[in-house]
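Below: one structure, written as structure tokens.
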Amino acid sequence: MRKTLDEIYSEAVAVLRDGGLILYPTDTVWGIGCDATNPDAVAKVYALKRRDDAKALVLLADSLDRVGRYVREIPDIAVQLVDVNDRPMTIIYPGAIAGEKGKPGDRHFLAWNAVAEDGSVAIRVPMMEFCRQLVYKLGRPIVSTSANISGQGSPRRHAEIDPEIISGVDYVVEPFLEKESSGVASQILKVGLRGEIEIIRQ
């Protein structure tokens, strides 16, 4: 019997709060998610993907207001980009508000290992109600890295996910929700405080 949305939200959020990993459809491809303020949970994501933790992760936020709680300043150009955007777009913001390495997680700070070495952080406000509600109900950003072993292709559908990834997470969101996914990776733009824009991925 298919679970209701309320059941999925409740179960997924409980796993995230407990430091676990979830497998879930996003507005782009299937992702591995965790509480982005929990460095131990973030470390599990890197280990599952067999990925170097020097590479930053993409995070999801439910609104620019949420983004503003985790970066020192949102450049005006980023607000304009989000306002006119009509496809999934990840923005790399300067000045992430992150915790210190070696200290326990704090919901007011991004995990130190979720941000780039230069202090920037990649965040997307997803074009998918399920993802926005998941972040809202958790009350903090969620990691959204593609659900694949590093070097493999990103799974557009649940059927394409490597069994090793599925067995390595603590909760798998019901696949029926993938109908809202585009199956295409987001564009990535890096913005500066003076209005600079660098296209990282079209």
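Lettering and numbering for the structure tokens are positional, with chains as A, B, ... in the shown order, residues counted from 1 in each chain, and ligands counted from 1 in the shown order.
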
Can you pull out every residue within 10 Å of Ile77 (chain A), counting only C-alpha atoms, but drop anything in the same chain fewer than 4 positions away, and send it as a short mmCIF file (atom, residue, chain, number, x, y, z; two decimals) with N, CA and C atoms, in the first residue's frame?
```cif
data_model
loop_
_atom_site.label_atom_id
_atom_site.label_comp_id
_atom_site.auth_asym_id
_atom_site.auth_seq_id
_atom_site.Cartn_x
_atom_site.Cartn_y
_atom_site.Cartn_z
N LEU A 81 17.94 36.68 -10.09
CA LEU A 81 18.01 35.41 -10.81
C LEU A 81 16.90 34.46 -10.35
N VAL A 82 16.70 34.39 -9.05
CA VAL A 82 15.66 33.50 -8.52
C VAL A 82 14.27 33.96 -8.97
N ASP A 83 14.07 35.29 -9.00
CA ASP A 83 12.77 35.84 -9.39
C ASP A 83 12.39 35.50 -10.82
N VAL A 191 27.77 33.60 -7.95
CA VAL A 191 27.54 35.04 -7.89
C VAL A 191 28.48 35.71 -6.89
N GLY A 192 28.74 36.99 -7.15
CA GLY A 192 29.59 37.78 -6.26
C GLY A 192 28.80 38.92 -5.65
N LEU A 193 29.35 39.54 -4.64
CA LEU A 193 28.65 40.60 -3.92
C LEU A 193 28.52 41.88 -4.75
N ARG A 194 29.33 42.01 -5.81
CA ARG A 194 29.25 43.20 -6.67
C ARG A 194 28.46 42.94 -7.94
N GLY A 195 27.71 41.84 -7.96
CA GLY A 195 26.88 41.56 -9.12
C GLY A 195 27.53 40.67 -10.16
N GLU A 196 28.69 40.14 -9.86
CA GLU A 196 29.38 39.25 -10.80
C GLU A 196 28.61 37.93 -10.94
N ILE A 197 28.60 37.39 -12.15
CA ILE A 197 28.00 36.08 -12.41
C ILE A 197 28.99 35.25 -13.21
#
```

May I ask for the distance between CA of Lys55 (chain A) and CA of Tyr9 (chain A), given in Å to one decimal place?
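If I compute the distance from CA of Lys55 (chain A) to CA of Tyr9 (chain A), I get 28.9 Å.
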
Give me the residues within 7 Å of region 160-173 of chain A as JSON, numbers by chain, counting only C-alpha atoms and dropping any in the same chain fewer than 2 places off.
{"A": [8, 12, 20, 21, 22, 23, 24, 48, 147, 148, 155, 156, 157, 158, 175]}

Write the selection just made, keeping N, CA and C atoms, as a compact mmCIF listing (two decimals), in the first residue's frame?
```
# COMPACT_ATOMS: atom_id res chain seq x y z
N ILE A 8 5.26 10.10 4.50
CA ILE A 8 6.60 10.23 3.93
C ILE A 8 7.35 11.39 4.58
N ALA A 12 10.69 10.67 6.74
CA ALA A 12 11.93 11.22 6.20
C ALA A 12 12.55 12.24 7.14
N GLY A 20 20.53 10.51 9.85
CA GLY A 20 20.54 9.49 8.81
C GLY A 20 20.52 10.06 7.40
N LEU A 21 20.60 9.16 6.43
CA LEU A 21 20.58 9.53 5.02
C LEU A 21 19.27 9.10 4.38
N ILE A 22 18.77 9.94 3.48
CA ILE A 22 17.58 9.57 2.72
C ILE A 22 17.92 9.56 1.23
N LEU A 23 17.14 8.81 0.49
CA LEU A 23 17.23 8.78 -0.97
C LEU A 23 15.92 9.35 -1.46
N TYR A 24 15.98 10.41 -2.27
CA TYR A 24 14.74 11.09 -2.62
C TYR A 24 14.80 11.76 -3.99
N LEU A 48 29.47 7.20 1.25
CA LEU A 48 28.59 6.39 0.40
C LEU A 48 28.88 6.63 -1.07
N ALA A 147 22.40 10.84 -6.53
CA ALA A 147 22.40 9.51 -5.89
C ALA A 147 23.20 8.50 -6.72
N ASN A 148 24.50 8.72 -6.77
CA ASN A 148 25.37 7.83 -7.54
C ASN A 148 26.74 7.71 -6.88
N PRO A 155 21.26 9.36 -11.61
CA PRO A 155 20.01 8.64 -11.90
C PRO A 155 18.82 9.58 -12.07
N ARG A 156 18.22 9.52 -13.24
CA ARG A 156 17.04 10.34 -13.49
C ARG A 156 15.79 9.71 -12.89
N ARG A 157 15.79 8.39 -12.78
CA ARG A 157 14.65 7.66 -12.25
C ARG A 157 15.13 6.65 -11.21
N HIS A 158 14.22 6.23 -10.34
CA HIS A 158 14.55 5.30 -9.26
C HIS A 158 15.16 4.01 -9.81
N PRO A 175 8.92 6.10 -4.80
CA PRO A 175 9.28 6.50 -6.17
C PRO A 175 8.19 7.25 -6.94
```

Give the helix (DSSP H, G or I) residues of region 15-172 of chain A, as DSSP finds them on the backbone, and put them as an MDAnalysis selection string.
chainID A and resid 15:17 39:49 64:68 76:84 112:114 129:138 158:160 163:168

Include N, CA and C atoms and write out the residues we just selected as a compact mmCIF listing (two decimals), in the first residue's frame.
```
# COMPACT_ATOMS: atom_id res chain seq x y z
N VAL A 15 14.27 10.61 10.12
CA VAL A 15 15.59 10.06 9.76
C VAL A 15 16.61 11.19 9.65
N LEU A 16 16.25 12.29 9.01
CA LEU A 16 17.17 13.42 8.86
C LEU A 16 17.57 13.99 10.22
N ARG A 17 16.61 14.13 11.11
CA ARG A 17 16.92 14.68 12.44
C ARG A 17 17.81 13.76 13.25
N PRO A 39 27.65 17.65 10.48
CA PRO A 39 28.87 17.22 9.79
C PRO A 39 29.05 15.70 9.76
N ASP A 40 28.56 15.00 10.77
CA ASP A 40 28.69 13.53 10.77
C ASP A 40 27.82 12.92 9.67
N ALA A 41 26.63 13.48 9.48
CA ALA A 41 25.73 13.00 8.43
C ALA A 41 26.33 13.31 7.05
N VAL A 42 26.89 14.51 6.91
CA VAL A 42 27.52 14.89 5.63
C VAL A 42 28.68 13.95 5.31
N ALA A 43 29.44 13.57 6.32
CA ALA A 43 30.57 12.64 6.11
C ALA A 43 30.07 11.29 5.59
N LYS A 44 28.91 10.87 6.05
CA LYS A 44 28.32 9.60 5.58
C LYS A 44 28.00 9.68 4.09
N VAL A 45 27.56 10.86 3.64
CA VAL A 45 27.24 11.05 2.22
C VAL A 45 28.50 10.89 1.37
N TYR A 46 29.58 11.54 1.77
CA TYR A 46 30.84 11.41 1.03
C TYR A 46 31.29 9.96 0.99
N ALA A 47 31.18 9.27 2.11
CA ALA A 47 31.62 7.87 2.18
C ALA A 47 30.78 6.99 1.26
N LEU A 48 29.47 7.20 1.25
CA LEU A 48 28.59 6.39 0.40
C LEU A 48 28.88 6.63 -1.07
N LYS A 49 29.14 7.87 -1.43
CA LYS A 49 29.43 8.20 -2.83
C LYS A 49 30.87 7.89 -3.23
N LEU A 64 14.46 31.85 -0.28
CA LEU A 64 15.62 32.72 -0.13
C LEU A 64 15.77 33.18 1.31
N ASP A 65 14.66 33.25 2.04
CA ASP A 65 14.73 33.60 3.45
C ASP A 65 15.57 32.57 4.21
N ARG A 66 15.39 31.30 3.88
CA ARG A 66 16.18 30.23 4.51
C ARG A 66 17.64 30.36 4.10
N VAL A 67 17.88 30.64 2.83
CA VAL A 67 19.26 30.82 2.35
C VAL A 67 19.94 31.92 3.17
N GLY A 68 19.20 33.00 3.41
CA GLY A 68 19.76 34.14 4.11
C GLY A 68 20.18 33.86 5.55
N ASP A 76 22.29 41.04 -4.54
CA ASP A 76 21.07 41.45 -5.23
C ASP A 76 20.86 40.65 -6.51
N ILE A 77 21.94 40.35 -7.20
CA ILE A 77 21.83 39.62 -8.47
C ILE A 77 21.22 38.24 -8.25
N ALA A 78 21.49 37.64 -7.10
CA ALA A 78 20.93 36.32 -6.81
C ALA A 78 19.42 36.40 -6.65
N VAL A 79 18.94 37.45 -6.00
CA VAL A 79 17.50 37.65 -5.84
C VAL A 79 16.84 37.80 -7.21
N GLN A 80 17.46 38.57 -8.07
CA GLN A 80 16.92 38.78 -9.41
C GLN A 80 16.89 37.47 -10.21
N LEU A 81 17.94 36.68 -10.09
CA LEU A 81 18.01 35.41 -10.81
C LEU A 81 16.90 34.46 -10.35
N VAL A 82 16.70 34.39 -9.05
CA VAL A 82 15.66 33.50 -8.52
C VAL A 82 14.27 33.96 -8.97
N ASP A 83 14.07 35.29 -9.00
CA ASP A 83 12.77 35.84 -9.39
C ASP A 83 12.39 35.50 -10.82
N VAL A 84 13.36 35.49 -11.73
CA VAL A 84 13.05 35.27 -13.15
C VAL A 84 13.30 33.84 -13.60
N TRP A 112 30.68 22.16 8.32
CA TRP A 112 31.91 22.66 7.70
C TRP A 112 32.26 21.90 6.42
N ASN A 113 31.90 20.60 6.39
CA ASN A 113 32.25 19.77 5.23
C ASN A 113 31.20 19.80 4.13
N ALA A 114 30.21 20.68 4.27
CA ALA A 114 29.21 20.84 3.21
C ALA A 114 29.51 22.06 2.34
N GLU A 129 7.49 21.06 -5.04
CA GLU A 129 6.84 21.29 -3.75
C GLU A 129 7.28 20.29 -2.69
N PHE A 130 7.45 19.03 -3.08
CA PHE A 130 7.86 18.01 -2.11
C PHE A 130 9.17 18.40 -1.43
N CYS A 131 10.16 18.81 -2.22
CA CYS A 131 11.46 19.16 -1.66
C CYS A 131 11.39 20.39 -0.78
N ARG A 132 10.64 21.39 -1.23
CA ARG A 132 10.51 22.61 -0.41
C ARG A 132 9.84 22.30 0.92
N GLN A 133 8.82 21.47 0.89
CA GLN A 133 8.12 21.11 2.13
C GLN A 133 9.01 20.28 3.05
N LEU A 134 9.84 19.44 2.47
CA LEU A 134 10.75 18.62 3.27
C LEU A 134 11.72 19.50 4.04
N VAL A 135 12.29 20.50 3.35
CA VAL A 135 13.19 21.44 4.02
C VAL A 135 12.44 22.24 5.08
N TYR A 136 11.24 22.70 4.74
CA TYR A 136 10.44 23.50 5.68
C TYR A 136 10.15 22.71 6.95
N LYS A 137 9.77 21.45 6.79
CA LYS A 137 9.42 20.63 7.95
C LYS A 137 10.65 20.27 8.79
N LEU A 138 11.80 20.12 8.15
CA LEU A 138 13.04 19.87 8.90
C LEU A 138 13.49 21.15 9.59
N HIS A 158 14.22 6.23 -10.34
CA HIS A 158 14.55 5.30 -9.26
C HIS A 158 15.16 4.01 -9.81
N ALA A 159 14.66 3.55 -10.94
CA ALA A 159 15.14 2.30 -11.53
C ALA A 159 16.61 2.34 -11.94
N GLU A 160 17.17 3.54 -12.06
CA GLU A 160 18.56 3.69 -12.49
C GLU A 160 19.55 3.77 -11.32
N PRO A 163 22.20 -0.32 -6.68
CA PRO A 163 21.75 -1.00 -5.46
C PRO A 163 22.61 -0.67 -4.24
N GLU A 164 23.88 -0.39 -4.46
CA GLU A 164 24.77 -0.04 -3.34
C GLU A 164 24.33 1.26 -2.68
N ILE A 165 23.84 2.19 -3.49
CA ILE A 165 23.34 3.46 -2.94
C ILE A 165 22.05 3.20 -2.15
N ILE A 166 21.16 2.42 -2.72
CA ILE A 166 19.89 2.14 -2.05
C ILE A 166 20.11 1.48 -0.70
N SER A 167 21.02 0.50 -0.66
CA SER A 167 21.26 -0.22 0.60
C SER A 167 22.07 0.62 1.60
N GLY A 168 22.67 1.70 1.11
CA GLY A 168 23.52 2.51 1.98
C GLY A 168 22.82 3.67 2.68
```

Among chain A, which residues does DSSP mark as strand (DSSP E) when it is run on the backbone? Keep the chain and numbering as in the structure and answer as an NGL selection string.
:A and (22-25 or 30-33 or 58-60 or 89-93 or 121-124 or 142-143 or 145-146 or 171-172 or 187-191 or 197-201)

Counting only C-alpha atoms, which residue out of A:Ala36, A:Leu177, A:Ile74, A:Leu59 sits closest to Tyr93 (chain A)?
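Under the stated criterion, the closest residue is A:Ile74.
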
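The space separating CA of Pro126 (chain A) from CA of Ala111 (chain A) comes to 20.3 Å.
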
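Distance-wise, CA of Tyr70 (chain A) and CA of Asp118 (chain A) end up 15.2 Å apart.
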
Pick from A:Ile199, A:Leu5, A:Cys34, A:Val184 nearest to Asp18 (chain A), counting only C-alpha atoms
A:Cys34

In terms of only C-alpha atoms, the residue from A:Phe109, A:Leu57, A:Ile97, A:Gly151 at minimal distance from Gly31 (chain A) is A:Leu57

Kindly indicate which residue among A:Ser120, A:Arg51, A:Ile142, A:Thr37 lies nearest to Pro104 (chain A), using only C-alpha atoms for the distances.
A:Thr37

With distances taken over only C-alpha atoms, which residue among A:Ile200, A:Val29, A:Val13, A:Val58 lies nearest Ser182 (chain A)?
A:Val29

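Among the candidates A:Ser154, A:Thr28, A:Ser63, A:Thr90, the one nearest to Gly183 (chain A) when counting only C-alpha atoms is A:Thr28.
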